[in-house]
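K.L.:
Pasting structure-v6.txt below, which is compact mmCIF, C-alpha atoms.
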# COMPACT_ATOMS: atom_id res chain seq x y z
CA MET X 1 -131.53 -99.58 -60.40
CA ARG X 2 -132.55 -102.82 -58.73
CA ALA X 3 -134.10 -100.85 -55.87
CA LEU X 4 -136.11 -98.71 -58.26
CA GLY X 5 -137.32 -101.84 -60.03
CA TRP X 6 -138.51 -103.38 -56.78
CA GLY X 7 -140.07 -100.06 -55.87
CA LEU X 8 -142.05 -99.98 -59.09
CA VAL X 9 -143.32 -103.49 -58.40
CA VAL X 10 -144.51 -102.44 -54.93
CA VAL X 11 -146.27 -99.29 -56.19
CA LEU X 12 -147.95 -101.13 -59.08
CA SER X 13 -149.15 -103.89 -56.79
CA VAL X 14 -150.58 -101.48 -54.22
CA THR X 15 -152.18 -98.92 -56.57
CA PRO X 16 -154.88 -101.02 -58.32
CA ALA X 17 -156.09 -102.38 -54.99
CA LEU X 18 -156.55 -98.88 -53.64
CA ALA X 19 -158.40 -97.69 -56.73
CA HIS X 20 -161.22 -100.18 -56.11
CA ALA X 21 -162.01 -98.95 -52.61
CA GLY X 22 -165.29 -97.14 -51.94
CA GLU X 23 -165.40 -93.83 -50.05
CA GLU X 24 -161.87 -92.51 -50.26
CA ARG X 25 -159.59 -89.78 -51.53
CA PHE X 26 -156.84 -90.68 -53.97
CA ILE X 27 -154.18 -87.98 -54.16
CA GLY X 28 -151.04 -87.61 -56.19
CA ALA X 29 -148.44 -85.12 -54.93
CA VAL X 30 -145.07 -83.71 -55.92
CA THR X 31 -142.83 -82.38 -53.17
CA THR X 32 -139.44 -80.78 -52.75
CA ALA X 33 -137.36 -82.38 -50.02
CA ARG X 34 -134.33 -81.54 -47.91
CA MET X 35 -132.56 -83.91 -45.59
CA ALA X 36 -130.11 -83.32 -42.74
CA ALA X 37 -127.95 -85.96 -41.08
CA PRO X 38 -125.38 -85.96 -38.27
CA GLY X 39 -122.09 -84.48 -39.47
CA PRO X 40 -118.53 -85.09 -38.22
CA ASP X 41 -119.29 -83.32 -34.93
CA SER X 42 -122.63 -85.19 -34.62
CA HIS X 43 -124.70 -82.07 -35.15
CA LEU X 44 -127.28 -82.18 -37.93
CA VAL X 45 -125.96 -80.74 -41.18
CA HIS X 46 -127.40 -80.57 -44.70
CA PHE X 47 -127.09 -83.92 -46.45
CA ALA X 48 -129.07 -83.72 -49.67
CA THR X 49 -131.82 -81.96 -51.59
CA GLY X 50 -134.32 -83.28 -54.10
CA GLY X 51 -137.92 -84.19 -54.66
CA ALA X 52 -140.52 -86.89 -54.26
CA LEU X 53 -143.56 -88.22 -56.05
CA SER X 54 -146.24 -89.52 -53.70
CA ILE X 55 -149.53 -91.34 -54.02
CA LEU X 56 -151.81 -91.08 -51.00
CA TRP X 57 -154.98 -93.04 -50.48
CA LEU X 58 -157.00 -91.57 -47.65
CA GLU X 59 -160.26 -92.86 -46.26
CA ASP X 60 -163.01 -90.25 -46.77
CA CYS X 61 -164.07 -89.74 -43.18
CA ARG X 62 -165.72 -86.66 -41.69
CA GLY X 63 -166.35 -84.90 -38.43
CA GLY X 64 -164.17 -85.77 -35.48
CA SER X 65 -162.93 -89.07 -36.84
CA LEU X 66 -159.37 -90.15 -37.52
CA CYS X 67 -158.94 -91.09 -41.18
CA GLY X 68 -156.69 -93.99 -42.09
CA GLY X 69 -154.61 -94.03 -45.24
CA ILE X 70 -151.72 -95.55 -47.16
CA ASP X 71 -148.94 -93.46 -48.63
CA THR X 72 -146.39 -94.60 -51.20
CA SER X 73 -143.56 -92.27 -52.14
CA ALA X 74 -140.52 -92.29 -54.39
CA LEU X 75 -137.85 -89.90 -53.11
CA PHE X 76 -134.81 -88.73 -55.08
CA LEU X 77 -132.07 -86.84 -53.21
CA ARG X 78 -128.72 -85.52 -54.43
CA GLY X 79 -126.06 -84.53 -51.97
CA ASP X 80 -122.61 -83.01 -52.26
CA GLY X 81 -120.29 -84.73 -54.71
CA ASP X 82 -121.49 -88.23 -55.56
CA GLN X 83 -123.78 -88.60 -52.57
CA ARG X 84 -127.23 -89.90 -53.56
CA LEU X 85 -130.24 -91.36 -51.80
CA TYR X 86 -133.14 -92.99 -53.64
CA ASP X 87 -135.95 -94.17 -51.43
CA LEU X 88 -139.21 -95.96 -52.04
CA SER X 89 -141.53 -96.03 -49.05
CA VAL X 90 -144.89 -97.49 -48.11
CA GLY X 91 -146.57 -96.35 -44.93
CA LEU X 92 -149.69 -96.02 -42.84
CA THR X 93 -151.18 -92.57 -42.34
CA GLY X 94 -153.51 -91.27 -39.66
CA SER X 95 -155.05 -87.88 -40.38
CA LEU X 96 -157.77 -85.52 -39.36
CA PRO X 97 -160.45 -85.29 -42.08
CA LEU X 98 -159.51 -83.28 -45.16
CA ASP X 99 -162.77 -81.36 -44.87
CA GLU X 100 -160.99 -79.37 -42.15
CA PRO X 101 -159.21 -76.23 -43.50
CA VAL X 102 -155.85 -77.73 -42.48
CA ALA X 103 -155.49 -81.29 -41.23
CA PRO X 104 -152.54 -82.61 -39.20
CA PHE X 105 -151.35 -86.11 -40.04
CA LEU X 106 -148.92 -88.73 -38.80
CA ALA X 107 -147.32 -91.36 -41.01
CA VAL X 108 -144.99 -94.26 -40.32
CA GLY X 109 -143.71 -96.90 -42.69
CA LEU X 110 -141.04 -98.98 -44.34
CA ASP X 111 -138.39 -97.90 -46.83
CA LEU X 112 -136.30 -99.50 -49.51
CA VAL X 113 -133.23 -97.35 -50.14
CA SER X 114 -130.41 -97.24 -52.64
CA ALA X 115 -127.72 -94.86 -51.45
CA ALA X 116 -124.18 -93.61 -51.91
CA ILE X 117 -122.83 -91.90 -48.81
CA ALA X 118 -119.49 -90.17 -48.18
CA GLU X 119 -117.82 -91.50 -45.04
CA ARG X 120 -115.68 -89.44 -42.69
CA ASP X 121 -112.47 -90.95 -44.04
CA GLY X 122 -113.39 -89.78 -47.55
CA SER X 123 -114.45 -93.17 -48.88
CA MET X 124 -117.91 -93.84 -50.34
CA SER X 125 -120.36 -96.44 -49.04
CA ARG X 126 -122.81 -97.73 -51.62
CA GLY X 127 -125.62 -100.19 -51.30
CA VAL X 128 -129.26 -101.11 -51.00
CA GLY X 129 -131.01 -101.48 -47.68
CA PHE X 130 -134.23 -101.45 -45.73
CA GLY X 131 -135.28 -98.93 -43.15
CA VAL X 132 -138.10 -97.05 -41.48
CA HIS X 133 -139.55 -93.56 -41.55
CA GLY X 134 -141.94 -91.36 -39.62
CA ASP X 135 -143.49 -88.04 -40.59
CA LEU X 136 -145.63 -85.44 -38.92
CA GLY X 137 -147.24 -82.77 -41.05
CA LEU X 138 -150.13 -80.65 -42.21
CA HIS X 139 -152.11 -81.09 -45.41
CA ALA X 140 -155.16 -79.49 -46.97
CA LEU X 141 -157.43 -79.61 -49.98
CA LEU X 142 -157.43 -76.30 -51.84
CA GLY X 143 -160.90 -76.28 -53.34
CA GLU X 144 -162.22 -79.52 -54.80
CA ARG X 145 -159.12 -80.87 -56.50
CA PHE X 146 -155.88 -79.19 -55.51
CA TYR X 147 -153.89 -80.26 -52.50
CA ALA X 148 -150.95 -78.94 -50.45
CA ARG X 149 -148.73 -80.67 -47.90
CA GLY X 150 -145.82 -79.86 -45.57
CA GLN X 151 -144.15 -82.41 -43.34
CA ILE X 152 -141.10 -83.11 -41.23
CA GLY X 153 -139.87 -86.46 -40.04
CA TYR X 154 -137.06 -88.95 -39.74
CA LEU X 155 -135.70 -91.32 -42.32
CA GLY X 156 -133.76 -94.20 -40.84
CA ALA X 157 -132.56 -95.97 -43.94
CA ALA X 158 -128.93 -95.85 -45.15
CA VAL X 159 -128.06 -92.48 -43.63
CA GLY X 160 -130.29 -91.73 -40.65
CA GLY X 161 -131.50 -88.17 -40.56
CA VAL X 162 -134.27 -85.63 -40.48
CA LYS X 163 -136.24 -84.85 -43.63
CA GLY X 164 -138.57 -81.99 -44.53
CA GLU X 165 -140.93 -81.88 -47.51
CA VAL X 166 -143.28 -79.26 -49.00
CA GLY X 167 -145.43 -79.93 -52.01
CA ILE X 168 -148.62 -79.71 -53.99
CA GLY X 169 -150.94 -82.32 -55.42
CA TYR X 170 -154.18 -83.22 -57.12
CA ARG X 171 -157.12 -85.30 -55.92
CA PHE X 172 -158.32 -87.91 -58.40
CA GLU X 173 -161.77 -89.49 -58.68
CA MET K 174 -146.91 -91.95 -0.64
CA THR K 175 -146.28 -93.95 -3.79
CA ARG K 176 -148.97 -96.48 -2.80
CA THR K 177 -151.47 -93.66 -2.19
CA ALA K 178 -150.71 -92.17 -5.60
CA LEU K 179 -151.08 -95.54 -7.30
CA ALA K 180 -154.32 -96.25 -5.47
CA THR K 181 -155.69 -92.85 -6.52
CA ILE K 182 -154.77 -93.50 -10.14
CA MET K 183 -156.41 -96.93 -10.08
CA LEU K 184 -159.60 -95.55 -8.47
CA LEU K 185 -159.80 -92.77 -11.06
CA ALA K 186 -159.32 -95.28 -13.84
CA VAL K 187 -162.09 -97.57 -12.61
CA ALA K 188 -164.56 -94.87 -11.54
CA THR K 189 -164.64 -92.80 -14.74
CA PRO K 190 -167.62 -93.51 -17.03
CA ALA K 191 -166.84 -94.84 -20.49
CA ARG K 192 -166.79 -92.57 -23.55
CA ALA K 193 -166.91 -93.48 -27.22
CA ASP K 194 -163.39 -92.40 -28.29
CA GLN K 195 -161.54 -95.27 -29.89
CA THR K 196 -158.45 -93.84 -31.60
CA GLY K 197 -155.74 -91.40 -30.67
CA LEU K 198 -153.02 -89.49 -32.50
CA LEU K 199 -150.00 -88.61 -30.35
CA ILE K 200 -146.62 -86.96 -30.73
CA ASP K 201 -143.93 -87.75 -28.20
CA GLY K 202 -140.55 -86.84 -26.84
CA THR K 203 -138.31 -89.90 -26.59
CA LEU K 204 -135.21 -90.69 -24.54
CA VAL K 205 -133.27 -93.94 -24.97
CA LYS K 206 -130.97 -94.86 -22.08
CA PRO K 207 -128.64 -97.75 -22.85
CA ILE K 208 -128.56 -100.30 -20.07
CA GLY K 209 -126.35 -102.92 -21.71
CA GLY K 210 -123.73 -100.40 -22.85
CA GLU K 211 -123.96 -97.99 -19.94
CA GLY K 212 -120.86 -95.81 -19.74
CA ARG K 213 -119.81 -96.87 -23.23
CA VAL K 214 -122.81 -95.61 -25.21
CA ALA K 215 -124.36 -92.16 -24.83
CA GLU K 216 -128.04 -91.49 -24.29
CA SER K 217 -130.10 -90.73 -27.39
CA SER K 218 -132.99 -88.31 -27.57
CA GLY K 219 -135.51 -87.24 -30.18
CA ALA K 220 -139.18 -87.39 -31.07
CA GLY K 221 -141.81 -89.62 -32.58
CA GLY K 222 -145.46 -90.25 -33.17
CA GLU K 223 -148.07 -92.83 -32.37
CA ILE K 224 -151.51 -93.99 -33.48
CA VAL K 225 -153.28 -95.61 -30.54
CA MET K 226 -156.32 -97.79 -31.07
CA LEU K 227 -158.66 -99.13 -28.44
CA PRO K 228 -160.61 -101.84 -30.27
CA THR K 229 -162.16 -103.30 -27.11
CA SER K 230 -162.44 -102.29 -23.49
CA SER K 231 -159.26 -104.08 -22.50
CA TRP K 232 -157.02 -104.16 -25.58
CA LEU K 233 -154.75 -101.36 -26.73
CA ILE K 234 -152.87 -101.35 -30.05
CA GLN K 235 -150.13 -98.86 -30.85
CA ILE K 236 -148.54 -98.25 -34.25
CA GLY K 237 -145.83 -95.65 -34.31
CA GLY K 238 -142.20 -94.79 -34.52
CA TYR K 239 -139.47 -92.47 -33.32
CA GLY K 240 -136.10 -91.13 -34.30
CA VAL K 241 -133.46 -90.45 -31.65
CA PHE K 242 -129.94 -89.12 -32.08
CA GLY K 243 -127.01 -90.03 -29.84
CA ARG K 244 -125.46 -87.20 -27.89
CA PRO K 245 -121.89 -86.59 -28.98
CA ALA K 246 -119.29 -87.03 -26.24
CA THR K 247 -115.68 -88.05 -25.90
CA GLY K 248 -115.04 -91.66 -25.00
CA VAL K 249 -118.53 -92.94 -25.77
CA GLU K 250 -120.35 -94.12 -28.88
CA ALA K 251 -123.31 -92.15 -30.20
CA ARG K 252 -126.21 -94.29 -31.37
CA ASP K 253 -128.95 -92.98 -33.68
CA ILE K 254 -132.04 -95.19 -33.56
CA PHE K 255 -134.96 -94.99 -36.00
CA ASP K 256 -137.89 -97.14 -35.06
CA LEU K 257 -141.20 -98.42 -36.40
CA HIS K 258 -143.20 -100.53 -33.97
CA LEU K 259 -146.42 -102.39 -33.36
CA ILE K 260 -147.35 -102.92 -29.72
CA ALA K 261 -150.32 -104.89 -28.38
CA GLY K 262 -151.25 -104.16 -24.80
CA MET K 263 -153.90 -104.68 -22.21
CA THR K 264 -155.41 -102.35 -19.65
CA PRO K 265 -157.60 -103.09 -16.62
CA ALA K 266 -159.33 -99.70 -16.99
CA SER K 267 -162.37 -98.87 -19.11
CA ARG K 268 -161.80 -97.74 -22.70
CA SER K 269 -161.97 -94.04 -21.89
CA ALA K 270 -160.95 -93.93 -18.26
CA THR K 271 -159.32 -90.68 -17.13
CA VAL K 272 -156.10 -92.53 -16.35
CA ALA K 273 -155.54 -96.01 -17.71
CA PRO K 274 -152.47 -98.03 -16.75
CA TYR K 275 -151.45 -100.54 -19.40
CA ALA K 276 -148.76 -103.03 -20.31
CA GLY K 277 -147.89 -104.50 -23.68
CA VAL K 278 -145.38 -106.25 -25.88
CA GLY K 279 -144.36 -105.42 -29.40
CA ILE K 280 -142.10 -105.86 -32.36
CA ASP K 281 -139.76 -103.12 -33.56
CA ILE K 282 -138.17 -102.58 -36.96
CA LEU K 283 -135.00 -100.61 -36.33
CA SER K 284 -132.44 -98.71 -38.38
CA ILE K 285 -129.40 -97.96 -36.27
CA THR K 286 -126.34 -95.82 -36.91
CA THR K 287 -123.46 -96.10 -34.44
CA ARG K 288 -120.86 -93.33 -34.50
CA ASP K 289 -117.54 -93.69 -32.73
CA HIS K 290 -116.01 -90.22 -32.64
CA ASP K 291 -112.67 -91.30 -31.23
CA LYS K 292 -112.07 -93.84 -33.98
CA GLY K 293 -113.86 -91.80 -36.65
CA LYS K 294 -115.91 -94.85 -37.52
CA THR K 295 -119.61 -95.12 -38.49
CA VAL K 296 -121.58 -98.36 -38.90
CA ARG K 297 -125.20 -98.65 -40.03
CA GLY K 298 -127.84 -101.29 -40.53
CA SER K 299 -131.38 -102.45 -39.94
CA THR K 300 -132.62 -105.14 -37.61
CA LEU K 301 -135.62 -106.39 -35.65
CA GLY K 302 -136.18 -105.85 -31.96
CA VAL K 303 -138.60 -106.82 -29.24
CA SER K 304 -140.04 -104.45 -26.70
CA ALA K 305 -142.04 -104.64 -23.50
CA GLN K 306 -143.84 -101.50 -22.44
CA ALA K 307 -145.70 -100.25 -19.39
CA GLY K 308 -147.37 -96.89 -19.13
CA LEU K 309 -150.24 -94.62 -18.28
CA LEU K 310 -152.75 -93.26 -20.78
CA GLY K 311 -154.53 -90.18 -19.47
CA ARG K 312 -157.34 -88.00 -20.80
CA PHE K 313 -157.93 -84.29 -20.31
CA ALA K 314 -160.40 -81.71 -21.59
CA ASP K 315 -162.75 -83.01 -24.28
CA ARG K 316 -160.33 -84.81 -26.57
CA GLY K 317 -156.87 -84.41 -25.02
CA LEU K 318 -154.61 -87.42 -24.48
CA LEU K 319 -151.44 -87.77 -22.42
CA LYS K 320 -149.26 -90.85 -22.38
CA ALA K 321 -146.21 -91.68 -20.31
CA SER K 322 -144.44 -94.94 -20.96
CA ALA K 323 -141.29 -96.89 -20.25
CA SER K 324 -140.17 -99.72 -22.53
CA TYR K 325 -137.33 -102.15 -22.58
CA LEU K 326 -136.09 -102.52 -26.14
CA GLY K 327 -134.04 -105.61 -26.89
CA ALA K 328 -132.10 -105.92 -30.13
CA ILE K 329 -128.64 -106.64 -31.46
CA VAL K 330 -126.97 -103.56 -32.92
CA PRO K 331 -126.13 -104.10 -36.62
CA GLY K 332 -122.48 -103.69 -37.47
CA THR K 333 -121.14 -103.87 -33.93
CA GLY K 334 -123.02 -106.90 -32.59
CA ASP K 335 -123.56 -105.12 -29.28
CA ASP K 336 -126.66 -105.61 -27.17
CA LEU K 337 -128.91 -102.59 -27.66
CA GLY K 338 -130.64 -103.29 -24.33
CA GLY K 339 -132.18 -99.86 -23.95
CA LEU K 340 -134.73 -98.26 -21.68
CA VAL K 341 -137.05 -96.12 -23.85
CA LEU K 342 -138.83 -93.34 -21.96
CA GLN K 343 -141.60 -91.47 -23.75
CA LEU K 344 -143.94 -88.63 -22.88
CA ALA K 345 -146.67 -88.02 -25.43
CA VAL K 346 -149.52 -85.61 -26.00
CA GLY K 347 -152.27 -85.85 -28.57
CA MET K 348 -155.95 -86.01 -29.48
CA ALA K 349 -158.61 -88.69 -29.25
CA PHE K 350 -161.12 -89.44 -32.02
CA ASP K 351 -164.38 -91.33 -32.34
For the structure just supplied, provide its representation as structure tokens.

P.N.:
Amino acid sequence: MRALGWGLVVVLSVTPALAHAGEERFIGAVTTARMAAPGPDSHLVHFATGGALSILWLEDCRGGSLCGGIDTSALFLRGDGDQRLYDLSVGLTGSLPLDEPVAPFLAVGLDLVSAAIAERDGSMSRGVGFGVHGDLGLHALLGERFYARGQIGYLGAAVGGVKGEVGIGYRFE
Amino acid sequence: MTRTALATIMLLAVATPARADQTGLLIDGTLVKPIGGEGRVAESSGAGGEIVMLPTSSWLIQIGGYGVFGRPATGVEARDIFDLHLIAGMTPASRSATVAPYAGVGIDILSITTRDHDKGKTVRGSTLGVSAQAGLLGRFADRGLLKASASYLGAIVPGTGDDLGGLVLQLAVGMAFD
């Protein structure tokens, strides 16, 4: 709960500042997410499934430029048994312009995580921690307002693993 | 032979006329070879991404990250490293030289998981690290970028207190932008 509270503070402090910027795109997105982490034999196995709510501010650049942006995301994952991972992230995004049919993007950032993880001896580890993430993906505007995104990346907070997300969104004025 | 190759690279870097590209987006393959814990810690491999900015003719800024997973093996620890870094470097070549050697230093934010298979023990945590990097940034076709780099990453592994002391080798490919 404390992590979610801090997360809300971060999102609320970042959002109004972004809304005052000039030429930009301001996109809200909902995604489904799956995460895999190293299992007992060190191979990646399914860890948890869930969803995320993201707010992306993206500079409105055109042509062959690289657009800069800031992405904040709240991720909610449920794993087997009592395993949970709640993550609030803030990151920098570099993307091809969204006036392309499909634009690749790269994002890296910081995470605040509250997690409960089953250990190999059967015990549960619970706690709040900081971490990092990186994502590589494709996104596109569908018409004037609607938006779609797919991405894969790593999440190195609490349990370190690989995460995939697919979702849709809406571009605000 | 090595000197000839280096001289050729340097001449190419200096002779190529400047272009206007100032930013690059790269994805990379990453290998971390432990130096401090050699023989006790397995190599880790994975992938990452990088935004490279060339704000002036001699400065180079990199913001990126990578995730690498330790290879499971008997008798050694597997170390998963997740990284976010900011590196500031300098290059003697022009901003858009065909091949530009560079060197830089940076700060790393790290999340590390250490898995000891023999003891069935896993420890995790986040920490800060320092890295020194040297590499070559090359250009091909109209907008293509290639980057090869070697870094020394220094940090203390959370949970175990070991010296991370790792050599980070990266090979990246990407695109340049105006």

K.L.:
Can you write out as a tab-separated table which residues of chain X fall within 10 Å of chain K, alongside each residue's closest atom pair and its distance in Å to one decimal, counting all atoms listed in the file and ordering rows by chain and ascending residue number?

P.N.:
residue	atom	partner	partner_atom	distance
X:Ala37	CA	K:Phe242	CA	9.7
X:Pro38	CA	K:Phe242	CA	8.3
X:Pro40	CA	K:His290	CA	8.0
X:Asp41	CA	K:Pro245	CA	7.3
X:Ser42	CA	K:Pro245	CA	5.9
X:His43	CA	K:Pro245	CA	8.1
X:Leu44	CA	K:Phe242	CA	9.5
X:Gly63	CA	K:Asp351	CA	9.1
X:Gly64	CA	K:Phe350	CA	5.9
X:Ser65	CA	K:Phe350	CA	5.2
X:Leu66	CA	K:Phe350	CA	5.8
X:Cys67	CA	K:Phe350	CA	9.6
X:Leu92	CA	K:Ile236	CA	8.9
X:Thr93	CA	K:Ile224	CA	9.0
X:Gly94	CA	K:Ile224	CA	7.0
X:Ser95	CA	K:Leu198	CA	8.3
X:Leu96	CA	K:Phe350	CA	9.0
X:Pro104	CA	K:Leu198	CA	9.6
X:Phe105	CA	K:Leu198	CA	8.4
X:Leu106	CA	K:Gly222	CA	6.8
X:Ala107	CA	K:Gly237	CA	8.1
X:Val108	CA	K:Gly237	CA	6.2
X:Gly109	CA	K:Leu257	CA	6.9
X:Leu110	CA	K:Leu257	CA	8.0
X:Glu119	CA	K:Thr295	CA	7.7
X:Arg120	CA	K:Gly293	CA	6.7
X:Asp121	CA	K:Gly293	CA	7.6
X:Gly129	CA	K:Ser299	CA	7.8
X:Phe130	CA	K:Ser299	CA	6.5
X:Gly131	CA	K:Ser284	CA	5.6
X:Val132	CA	K:Leu257	CA	6.1
X:His133	CA	K:Leu257	CA	7.3
X:Gly134	CA	K:Gly238	CA	6.2
X:Asp135	CA	K:Gly222	CA	8.0
X:Leu136	CA	K:Gly222	CA	7.5
X:Gly153	CA	K:Gly240	CA	8.3
X:Tyr154	CA	K:Gly240	CA	5.9
X:Leu155	CA	K:Phe255	CA	7.3
X:Gly156	CA	K:Phe255	CA	5.0
X:Ala157	CA	K:Ser284	CA	6.2
X:Ala158	CA	K:Arg297	CA	6.9
X:Val159	CA	K:Arg297	CA	7.7
X:Gly160	CA	K:Thr286	CA	6.8
X:Gly161	CA	K:Gly240	CA	8.3
X:Val162	CA	K:Gly240	CA	8.5

K.L.:
Quick check, in Å to one decimal: how far apart do CA of Gly69 in chain X and CA of Arg25 in chain X lie?

P.N.:
9.1 Å

K.L.:
Rounded to one decimal place, report the CA of Glu144 in chain X-CA of Ser73 in chain X distance in Å.

P.N.:
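Atom-to-atom, CA of Glu144 in chain X and CA of Ser73 in chain X are spaced 22.8 Å apart.
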
K.L.:
Calculate how many Å separate CA of Lys292 in chain K from CA of Gly334 in chain K, rounding to one decimal.

P.N.:
17.1 Å

K.L.:
So, counting all atoms listed in the file, which residue among X:Ala29, X:Ala52, X:Ala103, X:Ala74 is closest to Gly137 in chain X?

P.N.:
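With all atoms listed in the file as the atom set, the closest residue is X:Ala103.
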
K.L.:
Smallest atom-to-atom distance to Ala48 in chain X: which of X:Leu112, X:Leu77, X:Ile27, X:Val102, using all atoms listed in the file?

P.N.:
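Looking at the shortest contact to Ala48 in chain X, the residue is X:Leu77.
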
K.L.:
Choose the residue, out of K:Ala305, K:Leu204, K:Val272, K:Leu344, that has the smallest atom-to-atom separation from Glu216 in chain K; count all atoms listed in the file.

P.N.:
K:Leu204

K.L.:
Rank nothing, just name the residue among K:Val346, K:Val249, K:Ala321, K:Val205 nearest to Thr287 in chain K, using all atoms listed in the file.

P.N.:
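Smallest separation from Thr287 in chain K among the options: K:Val249.
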
K.L.:
Select from range 220-245 of chain K every residue with an atom at most 12 Å from any atom of range 308-313 of chain K, then for each give the shortest pair of atoms and their distance in Å to one decimal, using only C-alpha atoms, rows by chain and rising number, as a Markdown table.

P.N.:
| residue | atom | partner | partner_atom | distance |
| --- | --- | --- | --- | --- |
| K:Val225 | CA | K:Leu310 | CA | 10.1 |
| K:Met226 | CA | K:Leu310 | CA | 11.8 |
| K:Leu227 | CA | K:Leu310 | CA | 11.3 |
| K:Leu233 | CA | K:Leu310 | CA | 10.2 |
| K:Gln235 | CA | K:Leu310 | CA | 11.8 |

K.L.:
Could you write those residues out with C-alpha atoms, as an mmCIF file, in the coordinates of the input?

P.N.:
data_model
loop_
_atom_site.group_PDB
_atom_site.id
_atom_site.type_symbol
_atom_site.label_atom_id
_atom_site.label_comp_id
_atom_site.auth_asym_id
_atom_site.auth_seq_id
_atom_site.Cartn_x
_atom_site.Cartn_y
_atom_site.Cartn_z
ATOM 1 C CA VAL K 225 -153.280 -95.610 -30.540
ATOM 2 C CA MET K 226 -156.320 -97.790 -31.070
ATOM 3 C CA LEU K 227 -158.660 -99.130 -28.440
ATOM 4 C CA LEU K 233 -154.750 -101.360 -26.730
ATOM 5 C CA GLN K 235 -150.130 -98.860 -30.850
#

K.L.:
Excluding Gly302 in chain K and residues on its chain fewer than 2 positions from it, collect all residues at most 6 Å away from it, counting all atoms listed in the file, and give them as a PDB file with C-alpha atoms, keeping the file's coordinate frame.

P.N.:
ATOM      1  CA  ILE K 280    -142.100-105.860 -32.360  1.00  0.00           C
ATOM      2  CA  ASP K 281    -139.760-103.120 -33.560  1.00  0.00           C
ATOM      3  CA  GLY K 327    -134.040-105.610 -26.890  1.00  0.00           C
ATOM      4  CA  ALA K 328    -132.100-105.920 -30.130  1.00  0.00           C
TER       5      ALA K 328
END

K.L.:
So which residues are close to (-143.3, -93.7, -54.2), meaning at most 7 Å away in the file's coordinates with all atoms listed in the file counted, and can you show them as a VMD selection string?

P.N.:
chain X and resid 11 53 to 55 72 to 75 88 to 89

K.L.:
Which residue is closest to Leu326 in chain K? Choose from K:Tyr275, K:Val214, K:Ile208, K:Gly347 and count all atoms listed in the file.

P.N.:
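Of the candidates, the smallest distance to Leu326 in chain K is held by K:Ile208.
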